[in-house]
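A.B. asks: Just one file: protein02.cif, with mmCIF, C-alpha atoms, pLDDT in the B column; chains and numbers go by the auth columns.
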```
data_work
loop_
_atom_site.group_PDB
_atom_site.id
_atom_site.type_symbol
_atom_site.label_atom_id
_atom_site.label_comp_id
_atom_site.label_asym_id
_atom_site.label_seq_id
_atom_site.Cartn_x
_atom_site.Cartn_y
_atom_site.Cartn_z
_atom_site.B_iso_or_equiv
_atom_site.auth_seq_id
_atom_site.auth_asym_id
ATOM 1 C CA MET A 1 11.809 -14.498 4.938 47.00 1 A
ATOM 2 C CA LYS A 2 11.858 -18.174 5.689 53.00 2 A
ATOM 3 C CA ASP A 3 15.172 -20.008 5.802 55.00 3 A
ATOM 4 C CA LYS A 4 15.305 -21.232 2.229 56.00 4 A
ATOM 5 C CA ASN A 5 19.001 -21.549 1.504 57.00 5 A
ATOM 6 C CA PHE A 6 18.760 -23.446 -1.777 59.00 6 A
ATOM 7 C CA THR A 7 21.519 -21.413 -3.472 62.00 7 A
ATOM 8 C CA GLY A 8 24.425 -22.103 -1.130 66.00 8 A
ATOM 9 C CA VAL A 9 25.053 -18.349 -0.797 63.00 9 A
ATOM 10 C CA PRO A 10 25.492 -17.119 2.779 66.00 10 A
ATOM 11 C CA LYS A 11 22.316 -15.612 4.216 62.00 11 A
ATOM 12 C CA GLU A 12 23.744 -12.083 4.495 61.00 12 A
ATOM 13 C CA LEU A 13 24.650 -12.028 0.776 60.00 13 A
ATOM 14 C CA GLN A 14 21.345 -13.286 -0.604 60.00 14 A
ATOM 15 C CA PRO A 15 19.865 -10.762 -3.073 59.00 15 A
ATOM 16 C CA TRP A 16 16.258 -11.020 -1.850 54.00 16 A
ATOM 17 C CA GLU A 17 17.162 -10.350 1.760 53.00 17 A
ATOM 18 C CA GLY A 18 16.021 -6.691 1.543 53.00 18 A
ATOM 19 C CA PHE A 19 12.479 -7.553 0.447 56.00 19 A
ATOM 20 C CA THR A 20 9.931 -7.658 3.203 65.00 20 A
ATOM 21 C CA ARG A 21 6.181 -8.008 3.200 68.00 21 A
ATOM 22 C CA GLU A 22 5.818 -4.246 3.687 69.00 22 A
ATOM 23 C CA SER A 23 7.844 -3.475 0.542 72.00 23 A
ATOM 24 C CA GLN A 24 5.758 -5.800 -1.653 77.00 24 A
ATOM 25 C CA VAL A 25 2.689 -4.172 -3.207 86.00 25 A
ATOM 26 C CA VAL A 26 -0.055 -6.758 -3.680 90.00 26 A
ATOM 27 C CA LYS A 27 -2.673 -5.910 -6.297 94.00 27 A
ATOM 28 C CA ILE A 28 -6.211 -7.208 -5.882 94.00 28 A
ATOM 29 C CA ALA A 29 -8.600 -7.070 -8.833 95.00 29 A
ATOM 30 C CA VAL A 30 -11.831 -8.720 -10.003 96.00 30 A
ATOM 31 C CA ASP A 31 -12.246 -10.253 -13.444 94.00 31 A
ATOM 32 C CA LYS A 32 -15.503 -11.331 -15.049 95.00 32 A
ATOM 33 C CA ARG A 33 -15.405 -14.742 -16.683 92.00 33 A
ATOM 34 C CA ARG A 34 -17.826 -16.844 -18.712 92.00 34 A
ATOM 35 C CA TYR A 35 -21.442 -17.145 -17.655 94.00 35 A
ATOM 36 C CA GLY A 36 -21.187 -14.052 -15.429 92.00 36 A
ATOM 37 C CA LYS A 37 -18.772 -15.642 -12.943 94.00 37 A
ATOM 38 C CA THR A 38 -16.404 -13.338 -11.083 95.00 38 A
ATOM 39 C CA VAL A 39 -12.848 -14.172 -10.035 96.00 39 A
ATOM 40 C CA THR A 40 -10.696 -12.264 -7.536 95.00 40 A
ATOM 41 C CA ILE A 41 -7.105 -12.044 -8.791 96.00 41 A
ATOM 42 C CA ILE A 42 -4.250 -11.395 -6.338 94.00 42 A
ATOM 43 C CA GLU A 43 -0.834 -10.541 -7.821 93.00 43 A
ATOM 44 C CA GLY A 44 2.466 -9.233 -6.505 90.00 44 A
ATOM 45 C CA ILE A 45 3.420 -11.765 -3.843 88.00 45 A
ATOM 46 C CA ASP A 46 7.048 -12.803 -4.286 85.00 46 A
ATOM 47 C CA PRO A 47 7.090 -16.624 -4.554 85.00 47 A
ATOM 48 C CA LYS A 48 10.786 -16.747 -3.586 82.00 48 A
ATOM 49 C CA ALA A 49 10.206 -15.021 -0.256 80.00 49 A
ATOM 50 C CA GLU A 50 6.736 -16.343 0.628 85.00 50 A
ATOM 51 C CA ASP A 51 4.938 -19.666 0.433 89.00 51 A
ATOM 52 C CA ILE A 52 2.214 -18.576 -1.976 91.00 52 A
ATOM 53 C CA TYR A 53 0.415 -21.914 -1.708 94.00 53 A
ATOM 54 C CA GLU A 54 -0.023 -21.505 2.063 93.00 54 A
ATOM 55 C CA ILE A 55 -1.271 -17.932 1.597 92.00 55 A
ATOM 56 C CA ALA A 56 -3.762 -19.157 -1.023 94.00 56 A
ATOM 57 C CA LYS A 57 -4.892 -21.937 1.304 94.00 57 A
ATOM 58 C CA SER A 58 -5.558 -19.514 4.147 93.00 58 A
ATOM 59 C CA LEU A 59 -7.363 -17.089 1.802 94.00 59 A
ATOM 60 C CA LYS A 60 -9.600 -19.846 0.462 95.00 60 A
ATOM 61 C CA LYS A 61 -10.404 -20.990 3.978 94.00 61 A
ATOM 62 C CA LYS A 62 -11.151 -17.435 5.155 93.00 62 A
ATOM 63 C CA VAL A 63 -13.524 -16.568 2.283 93.00 63 A
ATOM 64 C CA ALA A 64 -15.027 -20.090 2.088 94.00 64 A
ATOM 65 C CA SER A 65 -14.435 -20.337 -1.633 94.00 65 A
ATOM 66 C CA GLY A 66 -12.474 -22.330 -4.165 94.00 66 A
ATOM 67 C CA GLY A 67 -9.378 -21.033 -5.854 95.00 67 A
ATOM 68 C CA THR A 68 -6.003 -21.827 -7.334 95.00 68 A
ATOM 69 C CA VAL A 69 -2.446 -20.586 -7.821 95.00 69 A
ATOM 70 C CA LYS A 70 -1.655 -19.807 -11.471 94.00 70 A
ATOM 71 C CA ASP A 71 1.948 -19.930 -12.734 91.00 71 A
ATOM 72 C CA GLY A 72 3.246 -20.046 -9.166 88.00 72 A
ATOM 73 C CA LYS A 73 2.713 -16.304 -8.631 88.00 73 A
ATOM 74 C CA THR A 74 -0.980 -15.363 -9.037 94.00 74 A
ATOM 75 C CA ILE A 75 -3.793 -16.393 -6.700 95.00 75 A
ATOM 76 C CA GLU A 76 -7.306 -16.707 -8.123 95.00 76 A
ATOM 77 C CA LEU A 77 -10.338 -16.975 -5.840 96.00 77 A
ATOM 78 C CA GLN A 78 -13.817 -17.828 -7.058 95.00 78 A
ATOM 79 C CA GLY A 79 -16.150 -14.881 -6.461 94.00 79 A
ATOM 80 C CA ASP A 80 -15.721 -11.225 -5.518 94.00 80 A
ATOM 81 C CA HIS A 81 -13.663 -11.196 -2.308 94.00 81 A
ATOM 82 C CA ARG A 82 -11.721 -7.930 -2.661 92.00 82 A
ATOM 83 C CA GLU A 83 -12.349 -6.515 0.818 93.00 83 A
ATOM 84 C CA THR A 84 -11.964 -9.768 2.729 93.00 84 A
ATOM 85 C CA ALA A 85 -8.732 -10.607 0.876 93.00 85 A
ATOM 86 C CA ARG A 86 -7.421 -7.067 1.458 93.00 86 A
ATOM 87 C CA LYS A 87 -8.070 -7.296 5.208 93.00 87 A
ATOM 88 C CA LEU A 88 -6.440 -10.713 5.507 92.00 88 A
ATOM 89 C CA LEU A 89 -3.363 -9.723 3.478 90.00 89 A
ATOM 90 C CA GLU A 90 -2.933 -6.524 5.491 89.00 90 A
ATOM 91 C CA ASP A 91 -3.165 -8.575 8.682 90.00 91 A
ATOM 92 C CA LEU A 92 -0.342 -10.731 7.307 87.00 92 A
ATOM 93 C CA GLY A 93 1.776 -7.576 6.779 86.00 93 A
ATOM 94 C CA PHE A 94 1.407 -6.914 3.048 88.00 94 A
ATOM 95 C CA SER A 95 0.564 -3.499 1.588 89.00 95 A
ATOM 96 C CA THR A 96 -2.348 -3.808 -0.831 90.00 96 A
ATOM 97 C CA GLU A 97 -3.960 -1.964 -3.741 91.00 97 A
ATOM 98 C CA VAL A 98 -7.548 -2.741 -4.694 91.00 98 A
ATOM 99 C CA HIS A 99 -8.496 -2.165 -8.345 86.00 99 A
#
```
Transcribe the structure of this file into structure tokens.

C.D. replies:
Amino acid sequence: MKDKNFTGVPKELQPWEGFTRESQVVKIAVDKRRYGKTVTIIEGIDPKAEDIYEIAKSLKKKVASGGTVKDGKTIELQGDHRETARKLLEDLGFSTEVH
């Protein structure tokens, strides 16, 4: 976890200290939108422990596609990028499930 001490609580007493990338299960799915467009949806990354915007930026750069972060906790990539996203997230240390 990055040093984000925005609560004023000592680091050893912070409640999210036990969560690591290995304990987070990231779900990767594909949704079909209007006009036959597909969107890869990545959920399960804890926004308090990780910088989800930086992860989305690196995913978009790796798959050479557009995308966005919805509600601060879900990453959407344009197109079907399940396997590439799975490989990149596993390289970062996350455990993944592809649906």

A.B. asks: Can you report as JSON the centre and edge lengths in Å, to one decimal, of an axis-aligned box around the listed atoms of range 62-75 of chain A padded with 3 Å on each side?

C.D. replies:
```
{"center_x": -5.9, "center_y": -18.8, "center_z": -3.8, "size_x": 24.3, "size_y": 13.0, "size_z": 23.9}
```

A.B. asks: Work out how far CA of Ile45 in chain A is from CA of Val63 in chain A, in Å to one decimal.

C.D. replies: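 Separation of CA of Val63 in chain A and CA of Ile45 in chain A: 18.6 Å.
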
A.B. asks: Spell out the residues picked by the PyMOL selection byres ((chain A and resi 43) around 6) here, as a VMD selection string.

C.D. replies: chain A and resid 26 to 27 42 44 to 45 74

A.B. asks: In Å, how far is it from CA of Arg86 in chain A to CA of Ile28 in chain A?

C.D. replies: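 Distance between the two atoms: 7.4 Å.
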
A.B. asks: Enumerate, as a PyMOL selection string, the residues matched when the PyMOL selection byres ((chain A and resi 55) around 10) is run on the file above.

C.D. replies: chain A and resi 45+50-54+56-61+69+75+88-89+92

A.B. asks: Of the residues A:His99, A:Thr38, A:Asp46, A:Asp31, which is the one nearest to Gly72 in chain A, using only C-alpha atoms?

C.D. replies: A:Asp46

A.B. asks: Do you have the CA of Glu97 in chain A-CA of Thr40 in chain A distance handy?

C.D. replies: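 So the two atoms, CA of Glu97 in chain A and CA of Thr40 in chain A, lie 12.9 Å apart.
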
A.B. asks: Identify all residues satisfying the PyMOL selection byres ((chain A and resi 77) around 8) in the given file; provide them as JSON, numbers by chain.

C.D. replies: {"A": [39, 40, 41, 60, 65, 66, 67, 68, 75, 76, 78, 79, 80, 81]}

A.B. asks: Excluding Ser95 in chain A and residues on its chain fewer than 5 positions from it, collect all residues at most 7 Å away from it, counting all atoms listed in the file, and give them as a PyMOL selection string.

C.D. replies: chain A and resi 22+24-26+90
